[in-house]
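Have a look at the structure below, then the notes.
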Amino acid sequence: MLYFTADSHYGHENIIEHTNRPFKNASKMDHELVRRHNKVVSDTDTCYFLGDFSIKGSQHKQYIGHIVSQLQGRKILILGNHDKLDPFDYVEIGFESVHTSLYLPEFNFLLVHDPALHLMKRDAICLCGHIHILFKYKPPVLNVGVDMWGFFPASLEEILKVTQEVNQHENTK
């Protein structure tokens, strides 16, 4: 099974207030995000992280690696504006691969962090993060950030259902 998520911001105290997250501190947020991830993602699944995995820099590489090691499944990272490690460091700590964007032709999905990059491939459905609580779906852009999905990764089935419902609604206009 495939999953998509973004904007976890592991270790980021200020994101709690910025996005009104229901956590007392970053430690409790990190624990709950890992718990919810592992509740739906198994070791045989693949999860695409669409940026802003953590705001922590290279001095916290071990901490970021500890978080990655707790997350089940194959992990692929699309870099966000707050991902500060060298891409090779992310691979070293457990991500299978690291990209600035990624196109999945079998679903016509463009995976990016910032939806402004949707300009790269306008005919694709853009899965993104970055915008946090602005909107969940604004065709053809779908925000897979944790703030929009109950702090869980979104499954491929959920994403296809949302895009199908929106397409049906658009066709009835």
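We name chains A, B, ... following the order of the structure tokens; residues begin at 1 in each chain, and ligands are numbered from 1 as shown.
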Residue neighbourhood Phe88 (chain A), 9 Å, only C-alpha atoms, exclusion window fewer than 4 positions, as an mmCIF file with N, CA, C and O atoms, in the first residue's frame:
data_model
loop_
_atom_site.group_PDB
_atom_site.id
_atom_site.type_symbol
_atom_site.label_atom_id
_atom_site.label_comp_id
_atom_site.auth_asym_id
_atom_site.auth_seq_id
_atom_site.Cartn_x
_atom_site.Cartn_y
_atom_site.Cartn_z
ATOM 1 N N GLU A 92 21.345 8.089 4.621
ATOM 2 C CA GLU A 92 22.124 7.407 5.662
ATOM 3 C C GLU A 92 21.277 7.082 6.896
ATOM 4 O O GLU A 92 21.456 6.039 7.525
ATOM 5 N N ILE A 93 20.317 7.950 7.237
ATOM 6 C CA ILE A 93 19.527 7.718 8.452
ATOM 7 C C ILE A 93 18.245 6.924 8.198
ATOM 8 O O ILE A 93 17.473 6.704 9.125
ATOM 9 N N SER A 97 15.182 6.986 -0.618
ATOM 10 C CA SER A 97 15.662 7.945 -1.611
ATOM 11 C C SER A 97 15.158 9.330 -1.251
ATOM 12 O O SER A 97 14.223 9.482 -0.460
ATOM 13 N N VAL A 98 15.786 10.342 -1.837
ATOM 14 C CA VAL A 98 15.484 11.742 -1.556
ATOM 15 C C VAL A 98 15.382 12.479 -2.885
ATOM 16 O O VAL A 98 16.223 12.296 -3.768
#
Taking only residues of region 22-115 of chain A that have an atom at most 7 Å from an atom of region 142-155 of chain A, what is each one's shortest atom pair and its distance in Å to one decimal, using only C-alpha atoms, in chain and number order, as JSON lines?
{"residue": "A:Leu33", "atom": "CA", "partner": "A:Phe151", "partner_atom": "CA", "distance": 6.3}
{"residue": "A:Arg36", "atom": "CA", "partner": "A:Phe152", "partner_atom": "CA", "distance": 5.5}
{"residue": "A:His37", "atom": "CA", "partner": "A:Phe152", "partner_atom": "CA", "distance": 5.7}
task: Show which residues sit within 7 Å of Phe109 (chain A), as a ChimeraX atom specification. Count only C-alpha atoms, and ignore same-chain residues fewer than 4 positions away.
output: /A:103-105,124-127
With N, CA and C atoms retained, could you export that selection as an mmCIF file, in the first residue's frame?
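Contents of the output file result09.cif:
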data_model
loop_
_atom_site.group_PDB
_atom_site.id
_atom_site.type_symbol
_atom_site.label_atom_id
_atom_site.label_comp_id
_atom_site.auth_asym_id
_atom_site.auth_seq_id
_atom_site.Cartn_x
_atom_site.Cartn_y
_atom_site.Cartn_z
ATOM 1 N N TYR A 103 7.559 12.333 -9.977
ATOM 2 C CA TYR A 103 6.343 12.081 -10.736
ATOM 3 C C TYR A 103 6.048 10.589 -10.704
ATOM 4 N N LEU A 104 4.819 10.224 -10.329
ATOM 5 C CA LEU A 104 4.382 8.831 -10.332
ATOM 6 C C LEU A 104 3.421 8.664 -11.504
ATOM 7 N N PRO A 105 3.922 8.227 -12.671
ATOM 8 C CA PRO A 105 3.093 8.185 -13.879
ATOM 9 C C PRO A 105 1.896 7.246 -13.781
ATOM 10 N N ALA A 124 -0.924 17.056 -14.203
ATOM 11 C CA ALA A 124 -0.883 16.038 -13.147
ATOM 12 C C ALA A 124 -1.680 16.502 -11.934
ATOM 13 N N ILE A 125 -2.038 15.537 -11.087
ATOM 14 C CA ILE A 125 -2.596 15.857 -9.774
ATOM 15 C C ILE A 125 -1.405 16.110 -8.866
ATOM 16 N N CYS A 126 -1.380 17.270 -8.274
ATOM 17 C CA CYS A 126 -0.256 17.666 -7.433
ATOM 18 C C CYS A 126 -0.544 17.298 -5.982
ATOM 19 N N LEU A 127 0.271 16.412 -5.423
ATOM 20 C CA LEU A 127 0.221 16.128 -3.993
ATOM 21 C C LEU A 127 1.313 16.954 -3.345
#
Exercise: Tyr63 (chain A) partners within 12 Å, only C-alpha atoms, chain neighbours under 4 positions left out, as number ranges by chain: A: 10-11, 27, 30, 54-59, 67-70, 85, 90, 93
Output the selection as a PDB file, in the first residue's frame - N, CA, C and O atoms for each residue.
ATOM      1  N   TYR A  10       8.907  17.263  12.813  1.00  0.00           N
ATOM      2  CA  TYR A  10       9.389  16.626  14.035  1.00  0.00           C
ATOM      3  C   TYR A  10      10.360  17.547  14.763  1.00  0.00           C
ATOM      4  O   TYR A  10      11.251  18.145  14.163  1.00  0.00           O
ATOM      5  N   GLY A  11      10.163  17.657  16.082  1.00  0.00           N
ATOM      6  CA  GLY A  11      11.047  18.454  16.920  1.00  0.00           C
ATOM      7  C   GLY A  11      10.814  19.956  16.869  1.00  0.00           C
ATOM      8  O   GLY A  11      11.575  20.721  17.462  1.00  0.00           O
ATOM      9  N   SER A  27       7.858  17.061  21.936  1.00  0.00           N
ATOM     10  CA  SER A  27       8.104  15.667  22.287  1.00  0.00           C
ATOM     11  C   SER A  27       6.814  14.850  22.222  1.00  0.00           C
ATOM     12  O   SER A  27       6.785  13.747  21.661  1.00  0.00           O
ATOM     13  N   ASP A  30       5.782  14.574  18.527  1.00  0.00           N
ATOM     14  CA  ASP A  30       6.598  13.585  17.820  1.00  0.00           C
ATOM     15  C   ASP A  30       6.139  12.165  18.133  1.00  0.00           C
ATOM     16  O   ASP A  30       5.980  11.338  17.231  1.00  0.00           O
ATOM     17  N   SER A  54      11.445  17.483   9.342  1.00  0.00           N
ATOM     18  CA  SER A  54      11.897  18.073  10.604  1.00  0.00           C
ATOM     19  C   SER A  54      12.585  19.390  10.292  1.00  0.00           C
ATOM     20  O   SER A  54      13.233  19.537   9.251  1.00  0.00           O
ATOM     21  N   ILE A  55      12.464  20.319  11.201  1.00  0.00           N
ATOM     22  CA  ILE A  55      13.131  21.600  11.040  1.00  0.00           C
ATOM     23  C   ILE A  55      14.569  21.538  11.589  1.00  0.00           C
ATOM     24  O   ILE A  55      15.353  22.441  11.405  1.00  0.00           O
ATOM     25  N   LYS A  56      14.908  20.457  12.240  1.00  0.00           N
ATOM     26  CA  LYS A  56      16.218  20.308  12.885  1.00  0.00           C
ATOM     27  C   LYS A  56      17.338  20.202  11.859  1.00  0.00           C
ATOM     28  O   LYS A  56      17.189  19.581  10.818  1.00  0.00           O
ATOM     29  N   GLY A  57      18.484  20.782  12.199  1.00  0.00           N
ATOM     30  CA  GLY A  57      19.646  20.777  11.315  1.00  0.00           C
ATOM     31  C   GLY A  57      20.610  19.642  11.609  1.00  0.00           C
ATOM     32  O   GLY A  57      20.308  18.712  12.363  1.00  0.00           O
ATOM     33  N   SER A  58      21.791  19.743  11.027  1.00  0.00           N
ATOM     34  CA  SER A  58      22.771  18.652  11.083  1.00  0.00           C
ATOM     35  C   SER A  58      23.211  18.302  12.501  1.00  0.00           C
ATOM     36  O   SER A  58      23.579  17.162  12.765  1.00  0.00           O
ATOM     37  N   GLN A  59      23.174  19.258  13.416  1.00  0.00           N
ATOM     38  CA  GLN A  59      23.548  18.954  14.804  1.00  0.00           C
ATOM     39  C   GLN A  59      22.541  18.010  15.464  1.00  0.00           C
ATOM     40  O   GLN A  59      22.814  17.445  16.513  1.00  0.00           O
ATOM     41  N   ILE A  67      13.914   9.196  14.923  1.00  0.00           N
ATOM     42  CA  ILE A  67      12.509   9.281  14.492  1.00  0.00           C
ATOM     43  C   ILE A  67      12.301   8.385  13.271  1.00  0.00           C
ATOM     44  O   ILE A  67      11.359   7.579  13.227  1.00  0.00           O
ATOM     45  N   VAL A  68      13.169   8.525  12.268  1.00  0.00           N
ATOM     46  CA  VAL A  68      13.032   7.737  11.036  1.00  0.00           C
ATOM     47  C   VAL A  68      13.035   6.242  11.359  1.00  0.00           C
ATOM     48  O   VAL A  68      12.243   5.480  10.805  1.00  0.00           O
ATOM     49  N   SER A  69      13.907   5.832  12.268  1.00  0.00           N
ATOM     50  CA  SER A  69      14.017   4.399  12.600  1.00  0.00           C
ATOM     51  C   SER A  69      12.753   3.855  13.257  1.00  0.00           C
ATOM     52  O   SER A  69      12.493   2.653  13.196  1.00  0.00           O
ATOM     53  N   GLN A  70      11.960   4.709  13.870  1.00  0.00           N
ATOM     54  CA  GLN A  70      10.726   4.269  14.528  1.00  0.00           C
ATOM     55  C   GLN A  70       9.555   4.126  13.548  1.00  0.00           C
ATOM     56  O   GLN A  70       8.576   3.456  13.865  1.00  0.00           O
ATOM     57  N   LEU A  85      19.059  18.809   6.403  1.00  0.00           N
ATOM     58  CA  LEU A  85      20.186  17.888   6.242  1.00  0.00           C
ATOM     59  C   LEU A  85      20.561  17.776   4.768  1.00  0.00           C
ATOM     60  O   LEU A  85      19.748  18.017   3.879  1.00  0.00           O
ATOM     61  N   TYR A  90      20.017  12.104   4.767  1.00  0.00           N
ATOM     62  CA  TYR A  90      18.685  11.507   4.900  1.00  0.00           C
ATOM     63  C   TYR A  90      18.699  10.033   4.480  1.00  0.00           C
ATOM     64  O   TYR A  90      18.047   9.198   5.113  1.00  0.00           O
ATOM     65  N   ILE A  93      20.317   7.950   7.237  1.00  0.00           N
ATOM     66  CA  ILE A  93      19.527   7.718   8.452  1.00  0.00           C
ATOM     67  C   ILE A  93      18.245   6.924   8.198  1.00  0.00           C
ATOM     68  O   ILE A  93      17.473   6.704   9.125  1.00  0.00           O
TER      69      ILE A  93
END
Please provide as an mmCIF file with C-alpha atoms, in the first residue's frame all residues within 9 Å of Asn38 (chain A), with the sequence filter that same-chain residues fewer than 2 positions apart are discarded (counting only C-alpha atoms).
data_model
loop_
_atom_site.group_PDB
_atom_site.id
_atom_site.type_symbol
_atom_site.label_atom_id
_atom_site.label_comp_id
_atom_site.auth_asym_id
_atom_site.auth_seq_id
_atom_site.Cartn_x
_atom_site.Cartn_y
_atom_site.Cartn_z
ATOM 1 C CA LEU A 33 2.878 11.384 14.952
ATOM 2 C CA VAL A 34 5.023 8.232 15.081
ATOM 3 C CA ARG A 35 2.202 6.313 16.783
ATOM 4 C CA ARG A 36 -0.379 7.371 14.187
ATOM 5 C CA VAL A 40 -1.724 2.672 9.431
ATOM 6 C CA VAL A 41 1.643 2.057 7.715
ATOM 7 C CA SER A 42 3.114 -1.459 7.889
ATOM 8 C CA ASP A 43 6.669 -2.545 7.127
ATOM 9 C CA GLN A 70 10.726 4.269 14.528
ATOM 10 C CA LEU A 71 8.565 4.766 11.426
ATOM 11 C CA GLN A 72 7.350 1.602 9.695
ATOM 12 C CA GLY A 73 7.520 1.076 5.958
#
field: All strand (DSSP E) residues (DSSP, backbone) inside chain A, as a ChimeraX atom specification
entry: /A:2-5,46-49,74-78,97-99,102-104,109-111,125-128,137-138,141-143,154-155
Selection above as a file: N, CA and C atoms, as a compact mmCIF listing (two decimals), in the first residue's frame:
# COMPACT_ATOMS: atom_id res chain seq x y z
N LEU A 2 0.40 2.29 -0.61
CA LEU A 2 1.11 3.57 -0.66
C LEU A 2 0.45 4.58 0.26
N TYR A 3 1.29 5.38 0.91
CA TYR A 3 0.83 6.46 1.78
C TYR A 3 1.59 7.73 1.45
N PHE A 4 0.95 8.86 1.77
CA PHE A 4 1.53 10.16 1.49
C PHE A 4 1.30 11.06 2.70
N THR A 5 2.31 11.82 3.06
CA THR A 5 2.19 12.74 4.19
C THR A 5 3.17 13.89 4.00
N THR A 46 4.83 1.63 1.52
CA THR A 46 5.73 2.73 1.18
C THR A 46 5.05 4.04 1.55
N CYS A 47 5.79 4.91 2.21
CA CYS A 47 5.26 6.22 2.58
C CYS A 47 6.15 7.30 1.96
N TYR A 48 5.50 8.19 1.23
CA TYR A 48 6.17 9.36 0.66
C TYR A 48 5.99 10.53 1.61
N PHE A 49 7.08 11.11 2.04
CA PHE A 49 7.07 12.28 2.92
C PHE A 49 7.34 13.50 2.05
N ARG A 74 8.72 1.55 3.95
CA ARG A 74 9.75 2.17 3.12
C ARG A 74 9.48 3.66 3.13
N LYS A 75 10.52 4.46 3.27
CA LYS A 75 10.36 5.90 3.41
C LYS A 75 11.07 6.63 2.27
N ILE A 76 10.32 7.46 1.55
CA ILE A 76 10.88 8.25 0.45
C ILE A 76 10.60 9.71 0.77
N LEU A 77 11.62 10.55 0.67
CA LEU A 77 11.50 11.96 1.06
C LEU A 77 11.54 12.88 -0.16
N ILE A 78 10.57 13.78 -0.22
CA ILE A 78 10.59 14.90 -1.14
C ILE A 78 10.99 16.09 -0.26
N SER A 97 15.18 6.99 -0.62
CA SER A 97 15.66 7.95 -1.61
C SER A 97 15.16 9.33 -1.25
N VAL A 98 15.79 10.34 -1.84
CA VAL A 98 15.48 11.74 -1.56
C VAL A 98 15.38 12.48 -2.88
N HIS A 99 14.34 13.31 -3.02
CA HIS A 99 14.07 14.01 -4.29
C HIS A 99 13.66 15.45 -4.01
N LEU A 102 8.92 14.42 -7.54
CA LEU A 102 8.86 13.07 -8.07
C LEU A 102 7.52 12.90 -8.78
N TYR A 103 7.56 12.33 -9.98
CA TYR A 103 6.34 12.08 -10.74
C TYR A 103 6.05 10.59 -10.70
N LEU A 104 4.82 10.22 -10.33
CA LEU A 104 4.38 8.83 -10.33
C LEU A 104 3.42 8.66 -11.50
N PHE A 109 0.48 11.50 -10.56
CA PHE A 109 0.72 12.32 -9.38
C PHE A 109 2.08 13.00 -9.50
N LEU A 110 2.11 14.28 -9.25
CA LEU A 110 3.35 15.02 -9.09
C LEU A 110 3.52 15.27 -7.60
N LEU A 111 4.58 14.75 -7.02
CA LEU A 111 4.85 14.90 -5.59
C LEU A 111 5.84 16.05 -5.40
N ILE A 125 -2.04 15.54 -11.09
CA ILE A 125 -2.60 15.86 -9.77
C ILE A 125 -1.40 16.11 -8.87
N CYS A 126 -1.38 17.27 -8.27
CA CYS A 126 -0.26 17.67 -7.43
C CYS A 126 -0.54 17.30 -5.98
N LEU A 127 0.27 16.41 -5.42
CA LEU A 127 0.22 16.13 -3.99
C LEU A 127 1.31 16.95 -3.34
N CYS A 128 0.96 17.68 -2.28
CA CYS A 128 1.92 18.62 -1.70
C CYS A 128 1.73 18.72 -0.20
N TYR A 137 -8.15 20.33 -0.57
CA TYR A 137 -8.16 20.02 -1.99
C TYR A 137 -8.69 21.20 -2.78
N LYS A 138 -7.90 21.61 -3.72
CA LYS A 138 -8.26 22.69 -4.63
C LYS A 138 -7.77 22.22 -5.99
N VAL A 141 -4.78 20.29 -6.93
CA VAL A 141 -3.79 20.22 -5.86
C VAL A 141 -4.42 19.62 -4.61
N LEU A 142 -3.75 18.61 -4.05
CA LEU A 142 -4.22 17.95 -2.83
C LEU A 142 -3.14 18.08 -1.76
N ASN A 143 -3.51 18.68 -0.64
CA ASN A 143 -2.61 18.86 0.49
C ASN A 143 -2.61 17.59 1.33
N ALA A 154 -2.01 9.84 4.54
CA ALA A 154 -3.17 9.56 3.69
C ALA A 154 -2.83 8.38 2.79
N SER A 155 -3.75 7.43 2.71
CA SER A 155 -3.51 6.26 1.85
C SER A 155 -3.83 6.60 0.40
message: I need the alpha helix (DSSP H) residues of chain A per DSSP on the backbone, written as JSON, numbers by chain.
response: {"A": [14, 15, 16, 17, 18, 26, 27, 28, 29, 30, 31, 32, 33, 34, 35, 36, 37, 38, 39, 40, 61, 62, 63, 64, 65, 66, 67, 68, 69, 70, 87, 88, 89, 90, 91, 92, 156, 157, 158, 159, 160, 161, 162, 163, 164, 165, 166, 167, 168, 169, 170, 171]}
Those residues with N, CA and C atoms, as a compact mmCIF listing (two decimals), in the first residue's frame please?
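Result went into again_8.txt, see below:
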# COMPACT_ATOMS: atom_id res chain seq x y z
N ASN A 14 7.48 25.50 17.68
CA ASN A 14 6.65 26.61 17.21
C ASN A 14 5.54 26.20 16.25
N ILE A 15 5.68 25.05 15.60
CA ILE A 15 4.64 24.61 14.65
C ILE A 15 3.34 24.31 15.38
N ILE A 16 3.44 23.95 16.65
CA ILE A 16 2.24 23.63 17.44
C ILE A 16 1.33 24.85 17.53
N GLU A 17 1.90 25.99 17.86
CA GLU A 17 1.11 27.22 17.94
C GLU A 17 0.75 27.73 16.54
N HIS A 18 1.70 27.67 15.63
CA HIS A 18 1.50 28.20 14.27
C HIS A 18 0.30 27.55 13.58
N ALA A 26 6.69 19.57 21.60
CA ALA A 26 7.18 18.84 20.42
C ALA A 26 7.43 17.37 20.73
N SER A 27 7.86 17.06 21.94
CA SER A 27 8.10 15.67 22.29
C SER A 27 6.81 14.85 22.22
N LYS A 28 5.73 15.39 22.78
CA LYS A 28 4.44 14.69 22.73
C LYS A 28 3.92 14.62 21.30
N MET A 29 4.13 15.69 20.52
CA MET A 29 3.72 15.69 19.12
C MET A 29 4.48 14.62 18.34
N ASP A 30 5.78 14.57 18.53
CA ASP A 30 6.60 13.58 17.82
C ASP A 30 6.14 12.17 18.13
N HIS A 31 5.93 11.89 19.41
CA HIS A 31 5.48 10.56 19.83
C HIS A 31 4.15 10.20 19.17
N GLU A 32 3.21 11.15 19.15
CA GLU A 32 1.88 10.87 18.60
C GLU A 32 1.93 10.72 17.08
N LEU A 33 2.75 11.52 16.41
CA LEU A 33 2.88 11.38 14.95
C LEU A 33 3.45 10.02 14.58
N VAL A 34 4.44 9.56 15.32
CA VAL A 34 5.02 8.23 15.08
C VAL A 34 3.96 7.16 15.34
N ARG A 35 3.23 7.30 16.44
CA ARG A 35 2.20 6.31 16.78
C ARG A 35 1.14 6.22 15.69
N ARG A 36 0.67 7.37 15.21
CA ARG A 36 -0.38 7.37 14.19
C ARG A 36 0.15 6.85 12.85
N HIS A 37 1.38 7.19 12.52
CA HIS A 37 1.99 6.66 11.31
C HIS A 37 1.99 5.13 11.36
N ASN A 38 2.50 4.59 12.46
CA ASN A 38 2.64 3.14 12.59
C ASN A 38 1.30 2.42 12.74
N LYS A 39 0.27 3.15 13.10
CA LYS A 39 -1.06 2.55 13.20
C LYS A 39 -1.61 2.19 11.82
N VAL A 40 -1.20 2.95 10.78
CA VAL A 40 -1.72 2.67 9.43
C VAL A 40 -0.68 2.13 8.46
N LYS A 61 21.13 15.38 13.66
CA LYS A 61 21.02 14.24 12.73
C LYS A 61 20.66 12.95 13.47
N GLN A 62 21.24 12.72 14.62
CA GLN A 62 20.97 11.50 15.38
C GLN A 62 19.50 11.48 15.83
N TYR A 63 18.98 12.62 16.26
CA TYR A 63 17.58 12.70 16.68
C TYR A 63 16.64 12.41 15.50
N ILE A 64 16.91 13.01 14.36
CA ILE A 64 16.09 12.79 13.17
C ILE A 64 16.17 11.31 12.77
N GLY A 65 17.37 10.75 12.82
CA GLY A 65 17.55 9.33 12.52
C GLY A 65 16.76 8.44 13.46
N HIS A 66 16.70 8.83 14.72
CA HIS A 66 15.93 8.04 15.70
C HIS A 66 14.45 8.05 15.33
N ILE A 67 13.91 9.20 14.92
CA ILE A 67 12.51 9.28 14.49
C ILE A 67 12.30 8.38 13.27
N VAL A 68 13.17 8.52 12.27
CA VAL A 68 13.03 7.74 11.04
C VAL A 68 13.04 6.24 11.36
N SER A 69 13.91 5.83 12.27
CA SER A 69 14.02 4.40 12.60
C SER A 69 12.75 3.85 13.26
N GLN A 70 11.96 4.71 13.87
CA GLN A 70 10.73 4.27 14.53
C GLN A 70 9.56 4.13 13.55
N PRO A 87 21.00 15.76 1.45
CA PRO A 87 20.21 14.61 0.98
C PRO A 87 20.85 13.26 1.29
N PHE A 88 22.18 13.16 1.20
CA PHE A 88 22.85 11.90 1.50
C PHE A 88 22.71 11.52 2.98
N ASP A 89 22.61 12.53 3.86
CA ASP A 89 22.39 12.26 5.28
C ASP A 89 21.03 11.63 5.50
N TYR A 90 20.02 12.10 4.77
CA TYR A 90 18.69 11.51 4.90
C TYR A 90 18.70 10.03 4.48
N VAL A 91 19.44 9.71 3.44
CA VAL A 91 19.56 8.32 3.01
C VAL A 91 20.29 7.51 4.08
N GLU A 92 21.34 8.09 4.62
CA GLU A 92 22.12 7.41 5.66
C GLU A 92 21.28 7.08 6.90
N LEU A 156 -3.28 5.82 -0.50
CA LEU A 156 -3.59 5.97 -1.92
C LEU A 156 -5.10 5.90 -2.13
N GLU A 157 -5.77 4.97 -1.48
CA GLU A 157 -7.22 4.81 -1.63
C GLU A 157 -7.96 6.09 -1.21
N GLU A 158 -7.53 6.69 -0.09
CA GLU A 158 -8.18 7.93 0.37
C GLU A 158 -7.98 9.06 -0.64
N ILE A 159 -6.78 9.15 -1.17
CA ILE A 159 -6.48 10.20 -2.14
C ILE A 159 -7.28 10.00 -3.42
N LEU A 160 -7.34 8.77 -3.91
CA LEU A 160 -8.12 8.51 -5.12
C LEU A 160 -9.60 8.79 -4.89
N LYS A 161 -10.09 8.48 -3.70
CA LYS A 161 -11.50 8.75 -3.39
C LYS A 161 -11.78 10.25 -3.40
N VAL A 162 -10.92 11.04 -2.78
CA VAL A 162 -11.10 12.50 -2.75
C VAL A 162 -11.06 13.06 -4.16
N THR A 163 -10.08 12.65 -4.95
CA THR A 163 -9.98 13.20 -6.30
C THR A 163 -11.16 12.77 -7.17
N GLN A 164 -11.64 11.54 -6.98
CA GLN A 164 -12.80 11.06 -7.73
C GLN A 164 -14.06 11.84 -7.35
N GLU A 165 -14.26 12.06 -6.05
CA GLU A 165 -15.44 12.82 -5.59
C GLU A 165 -15.43 14.24 -6.15
N VAL A 166 -14.26 14.86 -6.15
CA VAL A 166 -14.16 16.23 -6.67
C VAL A 166 -14.42 16.23 -8.17
N ASN A 167 -13.86 15.25 -8.88
CA ASN A 167 -14.08 15.17 -10.32
C ASN A 167 -15.56 14.95 -10.64
N GLN A 168 -16.24 14.11 -9.86
CA GLN A 168 -17.67 13.88 -10.08
C GLN A 168 -18.45 15.16 -9.84
N HIS A 169 -18.09 15.88 -8.80
CA HIS A 169 -18.76 17.14 -8.48
C HIS A 169 -18.54 18.15 -9.59
N GLU A 170 -17.34 18.22 -10.10
CA GLU A 170 -17.02 19.17 -11.18
C GLU A 170 -17.79 18.81 -12.45
N ASN A 171 -17.99 17.52 -12.72
CA ASN A 171 -18.69 17.08 -13.93
C ASN A 171 -20.20 17.30 -13.86
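Distance annotation: of A:Glu106, A:Asn25, A:Ala6, A:Arg122, the residue with the minimal separation from Asp52 (chain A) is A:Ala6; atom set is only C-alpha atoms.
One finds CA of Asp114 (chain A) at 9.6 Å from CA of Leu79 (chain A).
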